[in-house]
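Heads up: the structure comes next, in structure tokens.
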Amino acid sequence: MDNQRPTLTQRPVGICALIGAGLLILSGLVTFSTLLLAAGLLTGLIWGLCRLLASHALGGLDLTRTLPRRGVAGESFPVKCTLSNQAPYLPLPEFSFHDPLSESAIDDRSTLPPGYTRSLQYTGKRTCRGGISKQYWRATSTWPLGFFESEKIAAFTDTQRLLVIPKPFLPPHLKRYIENLQDDFSLPSFAPPDPSAEFKYLREFRQGDSLKSIHWPASIRSDELLIREPEPPSPRPRRFGILVHSFSPSGKIETPETFEMILRIVAGLLFHFRSLDVEVHYQILPDKQKRLDDKESFSKAIDQLALQSRHPLASPESLLAAVPSFHQCDDLFVISDCPLADWEPTLTATGLPLTCLDSVSLSSASQPKLRTRRQLRTRC
């Protein structure tokens with residue numbers, strides 16, 4: 001598809017100039033008027049010279065595009081484009097070019113001498129997730145005099161690949177639900193410290209202290225009784241699970257929009273848990289389970305969402321077999337692009353703390369039905 005040589009299209013002004021040159025030459029021959037003949041020949045010469053210059057106007061143009069490494073679907077991101085004139089003699093005239101990532105054409109209204117480069121900055125946007133494949137730019141120019149429109153199409157030279165991730169979607173009520181779960185896990189523990197635990201510091205013996213807690217080596221050196229103050233028990237680190245699956249019951253057709261919605265929900269959960277520095281056990285069926293415990297592992301999981309394909313399960317048994325591997329999680333979010341009624345009853349017998357979500361309820365304006373841990377235990 002690359003056109004190294006520009007293509008020419010004659011504009012109405014050029015057609016009028018060519019017709020006018022022909023009429024002047026014909027009138028000069030009929031009337032034996034050297035003035036009309038000279039005017040016709042001069043007009044034709046100007047038309048031919050414009051055609052020659054227009055055919056080489058954009059011949060040396062080359063565009064190198066610098067994109068960010070990551071972008072979000074539906075959101076703008078900065079784009080830097082470097083223009084270079086590789087023509088040996090002709091300067092690069094005024095022109096406009098179109099980038100598929102830009103909503104409007106970009107105009108460059110200054111000439112560029114041969115061998116020089118110049119940078120332009122503009123904003124780009126992509127509405128769908130995924131990687132950016134090879135893209136082409138289209139440049140047009142009406143130089144000189146506007147007789148012809150010169151057009152050149154070529155591929156961008158990208159300095160790095162852009163990966164567009166799904167736009168995170170975390171409704172306020174779901175965020176509050178997660179915060180309430182965190183508050184439950186962060187309640188202070190009233191259990192007494194373990195005397196056999198590693199002591200944190202030494203203090204003076206006070207009435208009521210156990211004799212077993214006396215640190216005798218330090219007491220002998222200081223000539224006073226010192227007590228080992230153990231490290232108080234810290235709460236167990238919070239762990240959440242995210243299990244994503246697609247399911248197509250017989251007789252029902254799932255649209256691509258529902259799958260894209262659950263990817264947005266998963267992206268919102270991953271961004272939220274990454275900001276809280278919370279460990280997450282993460283799995284998209286039929287892939288294997290992953291442990292996300294640092295920013296790098298979260299970033300890889302989010303990048304995977306940009307290229308994720310839909311693999312619907314043949315039956316809910318595969319989902320039921322995957323749930324027990326999340327037994328060490330404080331709460332498990334099971335997310336699907338299929339309505340809850342078609343797969344949630346299968347999971348009620350597991351006895352695990354589950355929060356079942358589907359894209360239909362979360363994308364609606366109504367309050368979604370979140371299966372809380374207390375409700376699940378009541379049912380079980």
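Convention: chains lettered A, B, ... in structure tokens order; per-chain residue numbering from 1; ligands numbered from 1 as shown.
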Problem set entry | For segment 327-343 of chain A: contacts at 6 Å, only C-alpha atoms, fewer than 5 positions along chain excluded, given as number ranges by chain | A: 239-247, 258-259, 353-359
Expected file: the selected residues, N, CA and C atoms, as a PDB file, in the first residue's frame:
```pdb
ATOM      1  N   ARG A 239      -5.883 -10.788  51.415  1.00  0.00           N
ATOM      2  CA  ARG A 239      -5.742 -11.428  50.111  1.00  0.00           C
ATOM      3  C   ARG A 239      -7.119 -11.517  49.464  1.00  0.00           C
ATOM      4  N   PHE A 240      -7.176 -11.085  48.236  1.00  0.00           N
ATOM      5  CA  PHE A 240      -8.410 -11.156  47.473  1.00  0.00           C
ATOM      6  C   PHE A 240      -8.183 -12.045  46.251  1.00  0.00           C
ATOM      7  N   GLY A 241      -9.264 -12.557  45.729  1.00  0.00           N
ATOM      8  CA  GLY A 241      -9.216 -13.376  44.528  1.00  0.00           C
ATOM      9  C   GLY A 241     -10.117 -12.805  43.443  1.00  0.00           C
ATOM     10  N   ILE A 242      -9.682 -12.925  42.207  1.00  0.00           N
ATOM     11  CA  ILE A 242     -10.468 -12.500  41.046  1.00  0.00           C
ATOM     12  C   ILE A 242     -10.498 -13.664  40.070  1.00  0.00           C
ATOM     13  N   LEU A 243     -11.685 -14.175  39.819  1.00  0.00           N
ATOM     14  CA  LEU A 243     -11.877 -15.290  38.891  1.00  0.00           C
ATOM     15  C   LEU A 243     -12.807 -14.813  37.778  1.00  0.00           C
ATOM     16  N   VAL A 244     -12.317 -14.824  36.559  1.00  0.00           N
ATOM     17  CA  VAL A 244     -13.053 -14.314  35.407  1.00  0.00           C
ATOM     18  C   VAL A 244     -13.344 -15.476  34.461  1.00  0.00           C
ATOM     19  N   HIS A 245     -14.559 -15.531  33.978  1.00  0.00           N
ATOM     20  CA  HIS A 245     -14.906 -16.604  33.045  1.00  0.00           C
ATOM     21  C   HIS A 245     -15.998 -16.122  32.105  1.00  0.00           C
ATOM     22  N   SER A 246     -16.087 -16.783  30.959  1.00  0.00           N
ATOM     23  CA  SER A 246     -17.164 -16.569  29.990  1.00  0.00           C
ATOM     24  C   SER A 246     -17.945 -17.867  29.874  1.00  0.00           C
ATOM     25  N   PHE A 247     -19.221 -17.704  29.728  1.00  0.00           N
ATOM     26  CA  PHE A 247     -20.090 -18.879  29.672  1.00  0.00           C
ATOM     27  C   PHE A 247     -21.245 -18.579  28.739  1.00  0.00           C
ATOM     28  N   THR A 258     -20.745  -7.287  26.279  1.00  0.00           N
ATOM     29  CA  THR A 258     -20.749  -7.796  27.644  1.00  0.00           C
ATOM     30  C   THR A 258     -19.361  -8.284  28.051  1.00  0.00           C
ATOM     31  N   PHE A 259     -18.634  -8.902  27.140  1.00  0.00           N
ATOM     32  CA  PHE A 259     -17.275  -9.346  27.451  1.00  0.00           C
ATOM     33  C   PHE A 259     -16.349  -8.157  27.648  1.00  0.00           C
ATOM     34  N   PRO A 353     -16.131 -17.559  50.739  1.00  0.00           N
ATOM     35  CA  PRO A 353     -16.682 -16.194  50.681  1.00  0.00           C
ATOM     36  C   PRO A 353     -16.636 -15.662  49.255  1.00  0.00           C
ATOM     37  N   LEU A 354     -17.766 -15.550  48.632  1.00  0.00           N
ATOM     38  CA  LEU A 354     -17.847 -15.184  47.222  1.00  0.00           C
ATOM     39  C   LEU A 354     -18.579 -13.867  47.031  1.00  0.00           C
ATOM     40  N   THR A 355     -18.175 -13.148  46.005  1.00  0.00           N
ATOM     41  CA  THR A 355     -18.907 -11.989  45.512  1.00  0.00           C
ATOM     42  C   THR A 355     -19.084 -12.203  44.020  1.00  0.00           C
ATOM     43  N   CYS A 356     -20.290 -12.522  43.607  1.00  0.00           N
ATOM     44  CA  CYS A 356     -20.578 -12.862  42.217  1.00  0.00           C
ATOM     45  C   CYS A 356     -21.065 -11.624  41.475  1.00  0.00           C
ATOM     46  N   LEU A 357     -20.460 -11.358  40.319  1.00  0.00           N
ATOM     47  CA  LEU A 357     -20.792 -10.171  39.535  1.00  0.00           C
ATOM     48  C   LEU A 357     -20.994 -10.574  38.087  1.00  0.00           C
ATOM     49  N   ASP A 358     -21.848  -9.847  37.422  1.00  0.00           N
ATOM     50  CA  ASP A 358     -21.964  -9.989  35.982  1.00  0.00           C
ATOM     51  C   ASP A 358     -22.005  -8.608  35.358  1.00  0.00           C
ATOM     52  N   SER A 359     -21.667  -8.536  34.094  1.00  0.00           N
ATOM     53  CA  SER A 359     -21.556  -7.240  33.425  1.00  0.00           C
ATOM     54  C   SER A 359     -22.912  -6.585  33.225  1.00  0.00           C
TER      55      SER A 359
END
```
For this session: Please identify all polymer residues within 10 Å of Thr127 of chain A, counting only C-alpha atoms, omitting same-chain residues fewer than 4 positions from it, and present them as a ChimeraX atom specification.
Result: /A:72-76,101,164,166-167
Given only C-alpha atoms, how would the per-residue table for segment 57-148 of chain A near segment 42-52 of chain A read, listing every residue at most 7 Å away with its closest atom pair and distance in Å to one decimal, sorted by chain and number, as a Markdown table?
```
| residue | atom | partner | partner_atom | distance |
| --- | --- | --- | --- | --- |
| A:Pro144 | CA | A:Cys50 | CA | 6.0 |
| A:Phe147 | CA | A:Cys50 | CA | 6.9 |
| A:Phe148 | CA | A:Arg51 | CA | 6.8 |
```
For this session: Tell me, in Å to one decimal, how far atom CA of Thr66 of chain A is from atom CA of Cys81 of chain A.
Result: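 One can read the atom CA of Thr66 of chain A to atom CA of Cys81 of chain A distance as 6.2 Å.
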For this session: Find the residues near segment 290-294 of chain A: any atom within 10 Å, counting only C-alpha atoms, skip ones fewer than 3 places away on the same chain, and give them as an NGL selection string.
Result: :A and (239-242 or 270 or 273-274 or 277-284 or 287 or 297-301)
Would you save the residues of that selection, restricted to C-alpha atoms, as a short mmCIF file (atom, residue, chain, number, x, y, z; two decimals), in the first residue's frame?
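What landed in again38.cif:
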```cif
data_model
loop_
_atom_site.label_atom_id
_atom_site.label_comp_id
_atom_site.auth_asym_id
_atom_site.auth_seq_id
_atom_site.Cartn_x
_atom_site.Cartn_y
_atom_site.Cartn_z
CA ARG A 239 -5.74 -11.43 50.11
CA PHE A 240 -8.41 -11.16 47.47
CA GLY A 241 -9.22 -13.38 44.53
CA ILE A 242 -10.47 -12.50 41.05
CA LEU A 270 -6.73 -4.53 39.42
CA PHE A 273 -5.96 -3.35 44.46
CA ARG A 274 -2.61 -2.25 43.05
CA ASP A 277 -0.82 -2.79 47.73
CA VAL A 278 -3.06 -5.82 48.30
CA GLU A 279 -2.17 -9.35 47.24
CA VAL A 280 -4.51 -10.77 44.62
CA HIS A 281 -4.91 -14.30 43.29
CA TYR A 282 -6.02 -13.80 39.71
CA GLN A 283 -7.29 -16.18 37.02
CA ILE A 284 -9.06 -15.87 33.69
CA ASP A 287 -5.68 -19.83 31.86
CA SER A 297 2.84 -8.47 38.24
CA PHE A 298 -0.21 -6.18 38.34
CA SER A 299 1.03 -4.34 35.24
CA LYS A 300 1.48 -7.61 33.34
CA ALA A 301 -2.04 -8.70 34.27
#
```
Exercise. Excluding same-chain residues fewer than 2 positions from Gly22 of chain A, what lies within 10 Å of it counting only C-alpha atoms, as a list in words?
Worked result: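 What passes the distance filter is Cys16, Ala17, Leu18, Ile19, Gly20, Leu24, Ile25, Leu26, Ser27, Gly28, Leu37, Gly40, Leu41, Thr43 and Gly44 of chain A.
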For this session: Point out the residue among A:Lys175, A:Ser248, A:His215, A:Ala267 with the least atom-to-atom distance to Ala314 of chain A, counting only C-alpha atoms.
Result: A:Ser248
